[in-house]
Structure formats: structure tokens, C-alpha cells
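Data block below; observations after.
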Amino acid sequence: MPKIKTHSGAKKRFKMSKNGKPMIAHANKSHILTKKSTKRKRGLRQQVVADKTNQKQIKRLIPYK
């Protein structure tokens, strides 16, 4: 059985947690930051576990992470 190729876009966007759950960055952190509060921007820095409906697909895209 040949190796599975890792999706190049996915490996830049997702990380796996220690217990094997895919972690993603919050949205809305790239621009128009002046109107967002400091507290909100600080919260957006955190990584969050991906929704369970997408976890299986993400794991398939990054099999060796």
C-alpha cells in the first residue's frame, strides 16, 4: 500500500491536539481589527477544536500529523 499524500493547504491550516483532535484558528482575525475590542481579539488568538462534523475530513487530509 503506498503512502497517502498530505494535503498542502490543510497542513498549513490545521494542527492535531495531543489527544488527536484537529485544532483550527478562529476566523475574523485578519483585518478590520479597529472596531473589535481588545478582549475579542485576544480570544480570537486561541486555537479551538474543529467542529465534529469536519473532524473526519480533516484527519483524512493530514494523515501523518
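Every chain in the C-alpha cells has a letter given in the order shown (A, B, ...), and although residue numbers restart at 1 in each chain, ligands are simply numbered from 1 in the order shown.
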Test item: residues at most 10 Å from Tyr64 of chain A, only C-alpha atoms, excluding those fewer than 4 positions along its chain, as a ChimeraX atom specification: /A:3-6,11,16,59-60
Take the selection from the previous step and output its residues with N, CA and C atoms, as a short mmCIF file (atom, residue, chain, number, x, y, z; two decimals), in the first residue's frame.
```cif
data_model
loop_
_atom_site.label_atom_id
_atom_site.label_comp_id
_atom_site.auth_asym_id
_atom_site.auth_seq_id
_atom_site.Cartn_x
_atom_site.Cartn_y
_atom_site.Cartn_z
N LYS A 3 2.06 5.28 0.38
CA LYS A 3 1.79 6.32 1.37
C LYS A 3 0.69 7.24 0.87
N ILE A 4 -0.05 7.84 1.78
CA ILE A 4 -1.09 8.81 1.44
C ILE A 4 -0.45 10.18 1.41
N LYS A 5 -0.76 10.97 0.40
CA LYS A 5 -0.21 12.32 0.34
C LYS A 5 -0.98 13.25 1.28
N THR A 6 -0.23 14.11 1.97
CA THR A 6 -0.82 15.11 2.84
C THR A 6 -1.26 16.29 1.99
N LYS A 11 -2.29 21.17 5.75
CA LYS A 11 -1.21 21.10 6.73
C LYS A 11 -0.81 22.47 7.23
N MET A 16 -2.95 19.01 15.01
CA MET A 16 -3.62 17.99 15.83
C MET A 16 -3.28 18.23 17.29
N LYS A 59 -8.89 14.87 9.35
CA LYS A 59 -7.97 13.78 9.66
C LYS A 59 -7.54 13.05 8.39
N ARG A 60 -8.42 12.96 7.43
CA ARG A 60 -8.10 12.33 6.15
C ARG A 60 -7.11 13.17 5.35
#
```
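These are the residues of chain A assigned strand (DSSP E or B) by DSSP from backbone coordinates: Lys15, Met16, Pro22, Met23, Ile24, Ala25, Gln47, Val48 and Val49 of chain A.
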Same residues, N, CA, C and O atoms, output as a tab-separated table (two decimals), in the first residue's frame:
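Output file selection14.tsv follows:
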```
chain	number	residue	atom	x	y	z
A	15	LYS	N	-3.79	21.81	12.98
A	15	LYS	CA	-2.84	21.10	13.83
A	15	LYS	C	-3.63	20.05	14.59
A	15	LYS	O	-4.83	20.22	14.81
A	16	MET	N	-2.95	19.01	15.01
A	16	MET	CA	-3.62	17.99	15.83
A	16	MET	C	-3.28	18.23	17.29
A	16	MET	O	-2.13	18.55	17.63
A	22	PRO	N	-8.45	17.61	15.68
A	22	PRO	CA	-7.92	18.70	14.85
A	22	PRO	C	-8.23	20.07	15.45
A	22	PRO	O	-9.36	20.34	15.87
A	23	MET	N	-7.20	20.91	15.50
A	23	MET	CA	-7.32	22.27	16.03
A	23	MET	C	-7.28	23.26	14.88
A	23	MET	O	-6.49	23.09	13.94
A	24	ILE	N	-8.13	24.29	14.96
A	24	ILE	CA	-8.18	25.31	13.92
A	24	ILE	C	-8.09	26.69	14.57
A	24	ILE	O	-8.38	26.84	15.75
A	25	ALA	N	-7.71	27.68	13.77
A	25	ALA	CA	-7.66	29.05	14.25
A	25	ALA	C	-9.04	29.68	14.11
A	25	ALA	O	-9.84	29.27	13.26
A	47	GLN	N	-6.44	28.78	19.64
A	47	GLN	CA	-6.85	27.70	18.75
A	47	GLN	C	-8.08	27.03	19.36
A	47	GLN	O	-8.27	27.07	20.58
A	48	VAL	N	-8.91	26.44	18.52
A	48	VAL	CA	-10.12	25.79	19.01
A	48	VAL	C	-10.27	24.45	18.29
A	48	VAL	O	-9.78	24.27	17.17
A	49	VAL	N	-10.91	23.49	18.94
A	49	VAL	CA	-11.15	22.18	18.33
A	49	VAL	C	-12.15	22.35	17.19
A	49	VAL	O	-13.15	23.05	17.33
```
Length of the atom CA of Lys21 of chain A to atom CA of Leu61 of chain A vector [Å]: 13.2 Å
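Closest approach to Arg40 of chain A from the set A:Lys52, A:Ala27, A:Asn19, A:Lys65 is made by A:Ala27, with distances taken over only C-alpha atoms.
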Distance of atom CA of Ile58 of chain A from atom CA of Asn28 of chain A, expressed in Å to one decimal place: 20.7 Å
Between atom CA of Leu44 of chain A and atom CA of Ser30 of chain A, distance in Å (one decimal): 10.1 Å
Residues flagged helix (DSSP H, G or I) by DSSP in chain A, as a PyMOL selection string: chain A and resi 8-13+38-44+52-61
Can you write out the residues you just picked, keeping C-alpha atoms, as a PDB file, in the first residue's frame?
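The new file part_33.pdb reads:
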```pdb
ATOM      1  CA  SER A   8      -0.651  21.036   1.341  1.00  0.00           C
ATOM      2  CA  GLY A   9      -3.361  23.568   2.172  1.00  0.00           C
ATOM      3  CA  ALA A  10      -4.619  21.543   5.115  1.00  0.00           C
ATOM      4  CA  LYS A  11      -1.207  21.096   6.733  1.00  0.00           C
ATOM      5  CA  LYS A  12      -0.843  24.896   6.881  1.00  0.00           C
ATOM      6  CA  ARG A  13      -4.290  25.419   8.438  1.00  0.00           C
ATOM      7  CA  THR A  38      -9.122  44.001  22.740  1.00  0.00           C
ATOM      8  CA  LYS A  39     -10.860  41.230  24.674  1.00  0.00           C
ATOM      9  CA  ARG A  40     -12.425  39.869  21.486  1.00  0.00           C
ATOM     10  CA  LYS A  41      -9.123  39.960  19.571  1.00  0.00           C
ATOM     11  CA  ARG A  42      -7.337  38.230  22.441  1.00  0.00           C
ATOM     12  CA  GLY A  43      -9.923  35.449  22.341  1.00  0.00           C
ATOM     13  CA  LEU A  44      -9.513  35.058  18.592  1.00  0.00           C
ATOM     14  CA  LYS A  52     -17.191  17.293  14.939  1.00  0.00           C
ATOM     15  CA  THR A  53     -18.850  17.337  11.502  1.00  0.00           C
ATOM     16  CA  ASN A  54     -15.487  18.288   9.913  1.00  0.00           C
ATOM     17  CA  GLN A  55     -13.083  16.253  12.061  1.00  0.00           C
ATOM     18  CA  LYS A  56     -13.171  13.082   9.954  1.00  0.00           C
ATOM     19  CA  GLN A  57     -12.425  15.005   6.747  1.00  0.00           C
ATOM     20  CA  ILE A  58      -9.553  16.975   8.338  1.00  0.00           C
ATOM     21  CA  LYS A  59      -7.966  13.780   9.657  1.00  0.00           C
ATOM     22  CA  ARG A  60      -8.104  12.327   6.150  1.00  0.00           C
ATOM     23  CA  LEU A  61      -6.320  15.398   4.723  1.00  0.00           C
TER      24      LEU A  61
END
```
